[in-house]
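So this one's data-v5.pdb, PDB, C-alpha atoms and all ligand atoms:
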```pdb
ATOM      1  CA  MET A   1      14.586 162.304 110.228
ATOM      2  CA  ARG A   2      15.174 159.002 112.062
ATOM      3  CA  ALA A   3      18.778 158.138 112.838
ATOM      4  CA  ASP A   4      20.861 156.831 115.731
ATOM      5  CA  ARG A   5      21.992 160.360 116.631
ATOM      6  CA  PRO A   6      20.928 163.976 116.012
ATOM      7  CA  LYS A   7      21.343 164.796 112.356
ATOM      8  CA  GLN A   8      24.046 167.413 112.952
ATOM      9  CA  TYR A   9      26.270 164.574 114.170
ATOM     10  CA  LEU A  10      25.702 162.246 111.224
ATOM     11  CA  THR A  11      28.765 161.624 109.106
ATOM     12  CA  LEU A  12      28.892 163.424 105.809
ATOM     13  CA  HIS A  13      31.864 163.166 103.449
ATOM     14  CA  GLY A  14      34.307 162.222 106.243
ATOM     15  CA  LYS A  15      33.169 164.680 108.945
ATOM     16  CA  THR A  16      30.025 165.380 110.919
ATOM     17  CA  VAL A  17      27.401 167.669 109.411
ATOM     18  CA  LEU A  18      28.107 170.192 112.195
ATOM     19  CA  GLU A  19      31.851 170.252 111.447
ATOM     20  CA  HIS A  20      31.139 171.062 107.799
ATOM     21  CA  THR A  21      28.731 173.782 108.903
ATOM     22  CA  LEU A  22      31.186 175.340 111.355
ATOM     23  CA  ALA A  23      34.014 175.288 108.812
ATOM     24  CA  CYS A  24      31.990 177.724 106.650
ATOM     25  CA  PHE A  25      32.424 180.266 109.471
ATOM     26  CA  THR A  26      35.749 179.414 111.142
ATOM     27  CA  GLU A  27      37.429 179.910 107.762
ATOM     28  CA  HIS A  28      36.020 183.441 107.397
ATOM     29  CA  PRO A  29      38.389 186.233 108.488
ATOM     30  CA  GLN A  30      35.718 188.885 109.226
ATOM     31  CA  LEU A  31      33.698 187.184 111.967
ATOM     32  CA  ALA A  32      34.599 188.149 115.532
ATOM     33  CA  HIS A  33      32.704 185.550 117.598
ATOM     34  CA  LEU A  34      31.182 182.159 116.903
ATOM     35  CA  VAL A  35      28.467 180.856 119.228
ATOM     36  CA  VAL A  36      27.040 177.336 119.029
ATOM     37  CA  SER A  37      23.789 176.626 120.893
ATOM     38  CA  LEU A  38      23.910 173.114 122.289
ATOM     39  CA  ALA A  39      22.103 171.072 124.916
ATOM     40  CA  GLU A  40      24.215 171.156 128.078
ATOM     41  CA  ASP A  41      24.410 167.367 128.231
ATOM     42  CA  ASP A  42      25.144 166.946 124.506
ATOM     43  CA  PRO A  43      27.387 163.843 124.479
ATOM     44  CA  TYR A  44      28.611 164.233 120.891
ATOM     45  CA  TRP A  45      30.027 167.771 120.909
ATOM     46  CA  PRO A  46      32.991 167.062 123.259
ATOM     47  CA  THR A  47      34.125 164.255 120.922
ATOM     48  CA  LEU A  48      34.630 166.652 117.989
ATOM     49  CA  PRO A  49      38.102 168.235 117.547
ATOM     50  CA  VAL A  50      36.388 171.567 116.799
ATOM     51  CA  ALA A  51      35.063 171.641 120.397
ATOM     52  CA  ALA A  52      38.583 172.655 121.467
ATOM     53  CA  ASP A  53      38.625 175.682 119.136
ATOM     54  CA  PRO A  54      38.891 178.686 121.490
ATOM     55  CA  ARG A  55      36.987 180.912 119.043
ATOM     56  CA  ILE A  56      33.830 178.836 119.505
ATOM     57  CA  LEU A  57      31.614 179.769 122.449
ATOM     58  CA  ARG A  58      28.715 177.711 123.731
ATOM     59  CA  ALA A  59      25.192 178.782 124.599
ATOM     60  CA  PRO A  60      22.409 176.555 125.908
ATOM     61  CA  GLY A  61      20.145 174.956 123.313
ATOM     62  CA  GLY A  62      16.450 175.772 123.679
ATOM     63  CA  VAL A  63      13.229 173.848 123.206
ATOM     64  CA  GLU A  64      12.583 175.496 119.832
ATOM     65  CA  ARG A  65      14.991 176.937 117.302
ATOM     66  CA  ALA A  66      14.062 180.510 118.286
ATOM     67  CA  ASP A  67      14.902 179.768 121.953
ATOM     68  CA  SER A  68      18.337 178.499 120.935
ATOM     69  CA  VAL A  69      18.915 181.603 118.832
ATOM     70  CA  LEU A  70      17.866 183.881 121.676
ATOM     71  CA  ASN A  71      20.290 182.070 124.015
ATOM     72  CA  GLY A  72      23.058 182.580 121.461
ATOM     73  CA  LEU A  73      22.268 186.291 121.239
ATOM     74  CA  GLU A  74      22.307 186.515 125.041
ATOM     75  CA  ARG A  75      25.795 184.996 125.010
ATOM     76  CA  LEU A  76      26.941 187.814 122.713
ATOM     77  CA  ARG A  77      25.277 190.462 124.871
ATOM     78  CA  ALA A  78      27.093 189.034 127.910
ATOM     79  CA  LEU A  79      30.314 189.772 126.006
ATOM     80  CA  ASP A  80      29.187 193.395 125.600
ATOM     81  CA  VAL A  81      28.919 193.077 121.831
ATOM     82  CA  PRO A  82      27.211 196.348 120.809
ATOM     83  CA  ASP A  83      23.561 196.281 119.713
ATOM     84  CA  GLU A  84      24.539 197.795 116.339
ATOM     85  CA  GLN A  85      26.789 194.837 115.513
ATOM     86  CA  TRP A  86      25.587 192.506 112.753
ATOM     87  CA  VAL A  87      24.924 188.891 113.684
ATOM     88  CA  LEU A  88      24.541 185.956 111.334
ATOM     89  CA  VAL A  89      22.308 183.051 112.351
ATOM     90  CA  HIS A  90      22.815 179.742 110.579
ATOM     91  CA  ASP A  91      21.288 176.245 110.870
ATOM     92  CA  ALA A  92      23.564 173.456 112.120
ATOM     93  CA  ALA A  93      21.835 171.324 109.507
ATOM     94  CA  ARG A  94      22.983 173.480 106.530
ATOM     95  CA  PRO A  95      26.515 172.227 105.869
ATOM     96  CA  LEU A  96      26.864 173.379 102.248
ATOM     97  CA  LEU A  97      27.054 177.146 102.610
ATOM     98  CA  HIS A  98      29.497 178.474  99.998
ATOM     99  CA  ALA A  99      32.029 181.147 100.913
ATOM    100  CA  ASP A 100      30.739 183.161  97.914
ATOM    101  CA  ASP A 101      27.204 183.198  99.320
ATOM    102  CA  LEU A 102      28.413 184.267 102.752
ATOM    103  CA  GLN A 103      30.416 187.076 101.177
ATOM    104  CA  LEU A 104      27.461 188.115  99.013
ATOM    105  CA  LEU A 105      25.219 188.336 102.078
ATOM    106  CA  LEU A 106      27.788 190.372 104.031
ATOM    107  CA  SER A 107      28.453 192.799 101.203
ATOM    108  CA  THR A 108      24.826 193.206 100.068
ATOM    109  CA  LEU A 109      23.582 193.974 103.569
ATOM    110  CA  ALA A 110      26.530 195.992 104.886
ATOM    111  CA  ASP A 111      24.622 199.291 104.482
ATOM    112  CA  ASP A 112      21.087 197.933 104.812
ATOM    113  CA  SER A 113      18.857 199.485 107.438
ATOM    114  CA  VAL A 114      17.077 196.217 108.319
ATOM    115  CA  GLY A 115      19.180 193.186 107.348
ATOM    116  CA  GLY A 116      18.096 190.113 105.468
ATOM    117  CA  LEU A 117      18.698 186.546 104.472
ATOM    118  CA  LEU A 118      19.905 184.185 101.801
ATOM    119  CA  ALA A 119      16.964 182.832  99.845
ATOM    120  CA  VAL A 120      16.093 181.337  96.483
ATOM    121  CA  PRO A 121      13.076 182.035  94.274
ATOM    122  CA  ALA A 122      10.584 179.141  94.192
ATOM    123  CA  ARG A 123      11.126 176.869  91.205
ATOM    124  CA  ASP A 124       8.029 174.736  91.299
ATOM    125  CA  THR A 125       4.386 175.694  91.022
ATOM    126  CA  LEU A 126       3.121 175.948  94.592
ATOM    127  CA  LYS A 127      -0.288 174.832  95.803
ATOM    128  CA  GLN A 128      -2.009 175.876  98.976
ATOM    129  CA  ALA A 129      -3.759 172.852 100.465
ATOM    130  CA  GLU A 130      -6.903 172.327 102.448
ATOM    131  CA  ALA A 131      -7.843 168.821 103.639
ATOM    132  CA  GLY A 132      -5.554 167.199 101.096
ATOM    133  CA  ARG A 133      -6.971 169.102  98.115
ATOM    134  CA  VAL A 134      -5.697 172.146  96.279
ATOM    135  CA  ALA A 135      -7.365 175.276  97.574
ATOM    136  CA  ARG A 136      -5.385 177.592  95.291
ATOM    137  CA  THR A 137      -2.228 178.020  93.255
ATOM    138  CA  LEU A 138       0.115 180.649  94.654
ATOM    139  CA  GLU A 139       1.661 183.373  92.545
ATOM    140  CA  ARG A 140       5.089 181.834  92.159
ATOM    141  CA  SER A 141       6.905 184.986  91.092
ATOM    142  CA  ARG A 142       6.425 186.348  94.621
ATOM    143  CA  ILE A 143       7.479 183.217  96.537
ATOM    144  CA  TRP A 144      10.984 182.625  97.845
ATOM    145  CA  GLN A 145      12.440 179.861 100.008
ATOM    146  CA  ALA A 146      14.144 181.216 103.109
ATOM    147  CA  PHE A 147      17.644 179.884 103.771
ATOM    148  CA  THR A 148      20.306 180.779 106.277
ATOM    149  CA  PRO A 149      22.475 182.622 107.222
ATOM    150  CA  GLN A 150      20.087 185.373 108.213
ATOM    151  CA  MET A 151      21.754 188.637 109.157
ATOM    152  CA  PHE A 152      20.376 191.325 111.462
ATOM    153  CA  ARG A 153      21.651 193.830 114.025
ATOM    154  CA  LEU A 154      22.123 192.191 117.425
ATOM    155  CA  GLY A 155      19.864 194.657 119.256
ATOM    156  CA  SER A 156      16.990 194.599 116.789
ATOM    157  CA  LEU A 157      17.022 190.808 116.432
ATOM    158  CA  TYR A 158      17.204 190.296 120.193
ATOM    159  CA  SER A 159      14.312 192.664 120.772
ATOM    160  CA  ALA A 160      12.147 191.266 117.930
ATOM    161  CA  LEU A 161      12.716 187.628 118.939
ATOM    162  CA  SER A 162      12.105 188.295 122.642
ATOM    163  CA  ARG A 163       8.900 190.170 121.891
ATOM    164  CA  ALA A 164       7.630 187.563 119.417
ATOM    165  CA  LEU A 165       8.322 184.694 121.832
ATOM    166  CA  ALA A 166       6.717 186.545 124.738
ATOM    167  CA  ALA A 167       3.637 187.097 122.565
ATOM    168  CA  GLY A 168       3.502 183.381 121.702
ATOM    169  CA  VAL A 169       4.144 183.992 118.003
ATOM    170  CA  GLN A 170       5.673 181.034 116.177
ATOM    171  CA  VAL A 171       8.872 182.162 114.508
ATOM    172  CA  THR A 172      10.598 179.569 112.364
ATOM    173  CA  ASP A 173      13.357 181.897 111.241
ATOM    174  CA  GLU A 174      14.872 185.212 112.348
ATOM    175  CA  ALA A 175      13.264 187.095 109.466
ATOM    176  CA  SER A 176       9.793 186.132 110.772
ATOM    177  CA  ALA A 177      10.512 187.913 114.045
ATOM    178  CA  ILE A 178      11.767 191.008 112.227
ATOM    179  CA  GLU A 179       8.682 190.935 109.970
ATOM    180  CA  TRP A 180       6.483 190.625 113.043
ATOM    181  CA  VAL A 181       7.822 193.930 114.370
ATOM    182  CA  GLY A 182       6.943 195.575 111.052
ATOM    183  CA  GLN A 183      10.211 195.554 109.119
ATOM    184  CA  ALA A 184      10.955 194.045 105.715
ATOM    185  CA  PRO A 185      14.120 191.912 105.565
ATOM    186  CA  ARG A 186      15.981 191.974 102.270
ATOM    187  CA  LEU A 187      16.101 188.805 100.164
ATOM    188  CA  VAL A 188      19.583 188.033  98.864
ATOM    189  CA  GLU A 189      19.493 185.417  96.147
ATOM    190  CA  GLY A 190      21.873 182.612  97.042
ATOM    191  CA  ARG A 191      22.781 179.210  95.671
ATOM    192  CA  SER A 192      20.089 176.557  95.629
ATOM    193  CA  ASP A 193      22.483 173.891  96.936
ATOM    194  CA  ASN A 194      22.609 175.511 100.415
ATOM    195  CA  LEU A 195      20.293 172.754 101.538
ATOM    196  CA  LYS A 196      19.039 171.874 105.006
ATOM    197  CA  ILE A 197      19.469 168.228 105.950
ATOM    198  CA  THR A 198      15.931 167.195 106.767
ATOM    199  CA  ARG A 199      15.314 163.834 105.090
ATOM    200  CA  PRO A 200      17.713 160.875 104.675
ATOM    201  CA  GLU A 201      17.996 161.570 100.938
ATOM    202  CA  ASP A 202      19.304 165.080 101.727
ATOM    203  CA  LEU A 203      22.385 163.541 103.325
ATOM    204  CA  ALA A 204      23.201 161.614 100.147
ATOM    205  CA  LEU A 205      22.683 164.732  98.046
ATOM    206  CA  ALA A 206      24.890 166.811 100.366
ATOM    207  CA  ALA A 207      27.626 164.146 100.149
ATOM    208  CA  PHE A 208      27.405 164.328  96.359
ATOM    209  CA  TYR A 209      27.786 168.129  96.352
ATOM    210  CA  LEU A 210      30.750 167.993  98.769
ATOM    211  CA  ALA A 211      32.519 165.342  96.702
ATOM    212  CA  ASP A 212      31.910 167.475  93.613
ATOM    213  CA  LYS A 213      33.388 170.540  95.380
ATOM    214  CA  ASP A 214      36.572 168.556  96.192
ATOM    215  CA  ALA A 215      36.917 167.149  92.671
TER     216      ALA A 215
HETATM  217  N1  LIG B 301      15.669 173.413 119.521
HETATM  218  C1  LIG B 301      16.316 173.728 118.411
HETATM  219  C2  LIG B 301      15.884 173.269 117.139
HETATM  220  C3  LIG B 301      16.586 173.632 116.021
HETATM  221  N2  LIG B 301      17.687 174.401 116.117
HETATM  222  C4  LIG B 301      18.442 174.848 114.930
HETATM  223  O1  LIG B 301      17.574 175.024 113.846
HETATM  224  C5  LIG B 301      18.032 174.299 112.722
HETATM  225  C6  LIG B 301      16.851 173.804 111.921
HETATM  226  O2  LIG B 301      16.061 173.007 112.744
HETATM  227  P1  LIG B 301      15.845 171.494 112.418
HETATM  228  O3  LIG B 301      15.492 170.783 113.673
HETATM  229  O4  LIG B 301      17.020 171.020 111.663
HETATM  230  O5  LIG B 301      14.607 171.575 111.489
HETATM  231  P2  LIG B 301      13.876 170.402 110.804
HETATM  232  O6  LIG B 301      14.526 170.185 109.500
HETATM  233  O7  LIG B 301      12.437 170.747 110.802
HETATM  234  O8  LIG B 301      14.123 169.172 111.799
HETATM  235  P3  LIG B 301      13.732 167.682 111.555
HETATM  236  O9  LIG B 301      14.845 167.062 110.772
HETATM  237  O10 LIG B 301      13.645 167.102 112.940
HETATM  238  O11 LIG B 301      12.457 167.678 110.803
HETATM  239  C7  LIG B 301      18.926 173.214 113.279
HETATM  240  O12 LIG B 301      19.867 172.811 112.334
HETATM  241  C8  LIG B 301      19.531 173.895 114.478
HETATM  242  O13 LIG B 301      20.647 174.671 114.094
HETATM  243  C9  LIG B 301      18.109 174.825 117.367
HETATM  244  O14 LIG B 301      19.116 175.525 117.454
HETATM  245  N3  LIG B 301      17.413 174.489 118.497
HETATM  246  C1  LIG B 302      15.510 178.873 109.338
HETATM  247  C2  LIG B 302      15.142 177.899 108.262
HETATM  248  O1  LIG B 302      16.272 177.192 107.814
HETATM  249  C3  LIG B 302      14.599 178.683 107.092
HETATM  250  O2  LIG B 302      14.256 177.836 106.069
HETATM  251  C4  LIG B 302      14.143 176.891 108.735
HETATM  252  O3  LIG B 302      12.924 177.492 109.022
HETATM  253  C5  LIG B 302      14.671 176.103 109.934
HETATM  254  O4  LIG B 302      14.106 174.851 110.033
HETATM  255  P1  LIG B 302      12.830 174.532 110.907
HETATM  256  O5  LIG B 302      12.352 173.221 110.413
HETATM  257  O6  LIG B 302      11.834 175.619 110.629
HETATM  258  O7  LIG B 302      13.335 174.523 112.316
END
```
In structure tokens, write the structure found in this file.
Amino acid sequence: MRADRPKQYLTLHGKTVLEHTLACFTEHPQLAHLVVSLAEDDPYWPTLPVAADPRILRAPGGVERADSVLNGLERLRALDVPDEQWVLVHDAARPLLHADDLQLLLSTLADDSVGGLLAVPARDTLKQAEAGRVARTLERSRIWQAFTPQMFRLGSLYSALSRALAAGVQVTDEASAIEWVGQAPRLVEGRSDNLKITRPEDLALAAFYLADKDA
């Protein structure tokens, strides 16, 4: 997405995207630590009032999303957070997470042996492409879109991500790393409006949803 600043710092309904995203978590009573992975020379973060919140810890941003996540997990390990503790990983660019969805994820996975993620079943017919033509139509009933937060035990996520990165595997979400080590994350059906700001039109849609929430 082309803009004059990183998309997490674009203004959305009176605040930056990142401030909306963080509010989903700072307002939750059950979460012990909050780590934000940011480039060390990020010029925008210090200008946000939330940067002064003592509950928010910083970790270095990485080249890829998985590197940033690993740095965040390392920050928690440096605090001696036990390996058995659950961690939630969320995209800065998903500012519309509802408290109900967060609660659903926490309660559904509380006793799960693996962990899992918010996701929604695919709505459209999905085509697999080759050279711009349809190679096949996928079986839609088995396809879900992966959202965040994704929730796993600190130790197992740290180990799976480190191993996948060391092996050169491309992991675009935490669940992929867990899958790669042979486990099956649980899909928790969430709201479809938990969108990731990717294209300019997503920002307008997110603003519409936030205005609707306030109405
Ligand atoms: N080096 C990176 C890249 C991404 N992320 C995290 O991963 C999320 C999703 O990545 P993003 O860059 O937003 O994905 P795209 O939508 O593919 O990005 P773009 O808009 O550039 O296409 C971000 O919100 C951010 O929280 C990160 O921590 N470190
Ligand atoms: C983690 C994620 O939000 C799942 O849909 C997504 O993969 C992150 O975005 P990216 O474009 O893959 O970095």
Polymer residues at most 7 Å from segment 179-190 of chain A, all atoms listed in the file, same-chain spacing of 4 or more positions, as number ranges by chain: A: 101, 105, 114-120, 160, 175
Selection within 12 Å of ligand LIG 302 (chain B) by all atoms listed in the file, output as an MDAnalysis selection string: chainID A and resid 1 62:69 88:95 97 117:120 144:151 170:177 194:199
Using only C-alpha atoms and all ligand atoms: which of A:Ala51, A:Leu102, A:Ala23, A:Leu203 has the shortest distance to ligand LIG 301 (chain B):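 Counting only C-alpha atoms and all ligand atoms, the residue closest to ligand LIG 301 (chain B) is A:Leu203.
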So for ligand LIG 301 (chain B), what box centre and size do we get, axis-aligned, 4 Å extra on each of the six sides, every listed atom, Å to one decimal, as AutoDock Vina command-line options?
```
--center_x 16.5 --center_y 171.3 --center_z 114.5 --size_x 16.2 --size_y 16.5 --size_z 18.0
```
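Of the listed residues (A:Gly61, A:Pro121, A:Pro54, A:Gly72), A:Gly61 comes nearest to ligand LIG 301 (chain B); the distances count only C-alpha atoms and all ligand atoms.
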Could you add N, CA and C atoms to segment 167-181 of chain A and give me the result as a tab-separated table (two decimals), in the coordinates of the input?
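Saved result, out.tsv, follows:
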```
chain	number	residue	atom	x	y	z
A	167	ALA	N	5.02	186.98	123.06
A	167	ALA	CA	3.64	187.10	122.56
A	167	ALA	C	3.10	185.75	122.07
A	168	GLY	N	3.95	184.71	122.13
A	168	GLY	CA	3.50	183.38	121.70
A	168	GLY	C	3.45	183.21	120.19
A	169	VAL	N	4.13	184.10	119.47
A	169	VAL	CA	4.14	183.99	118.00
A	169	VAL	C	5.13	182.89	117.61
A	170	GLN	N	4.75	182.07	116.63
A	170	GLN	CA	5.67	181.03	116.18
A	170	GLN	C	6.62	181.63	115.14
A	171	VAL	N	7.90	181.63	115.47
A	171	VAL	CA	8.87	182.16	114.51
A	171	VAL	C	9.81	181.03	114.10
A	172	THR	N	9.76	180.68	112.82
A	172	THR	CA	10.60	179.57	112.36
A	172	THR	C	11.92	180.05	111.80
A	173	ASP	N	12.05	181.35	111.60
A	173	ASP	CA	13.36	181.90	111.24
A	173	ASP	C	13.46	183.31	111.82
A	174	GLU	N	14.65	183.89	111.74
A	174	GLU	CA	14.87	185.21	112.35
A	174	GLU	C	14.07	186.26	111.60
A	175	ALA	N	14.00	186.11	110.27
A	175	ALA	CA	13.26	187.10	109.47
A	175	ALA	C	11.82	187.20	109.93
A	176	SER	N	11.21	186.08	110.33
A	176	SER	CA	9.79	186.13	110.77
A	176	SER	C	9.64	187.06	111.96
A	177	ALA	N	10.61	187.04	112.87
A	177	ALA	CA	10.51	187.91	114.04
A	177	ALA	C	10.64	189.37	113.62
A	178	ILE	N	11.57	189.64	112.71
A	178	ILE	CA	11.77	191.01	112.23
A	178	ILE	C	10.51	191.49	111.47
A	179	GLU	N	9.93	190.59	110.68
A	179	GLU	CA	8.68	190.94	109.97
A	179	GLU	C	7.58	191.26	110.98
A	180	TRP	N	7.54	190.47	112.03
A	180	TRP	CA	6.48	190.62	113.04
A	180	TRP	C	6.54	192.00	113.71
A	181	VAL	N	7.75	192.58	113.80
A	181	VAL	CA	7.82	193.93	114.37
A	181	VAL	C	7.71	195.00	113.27
```
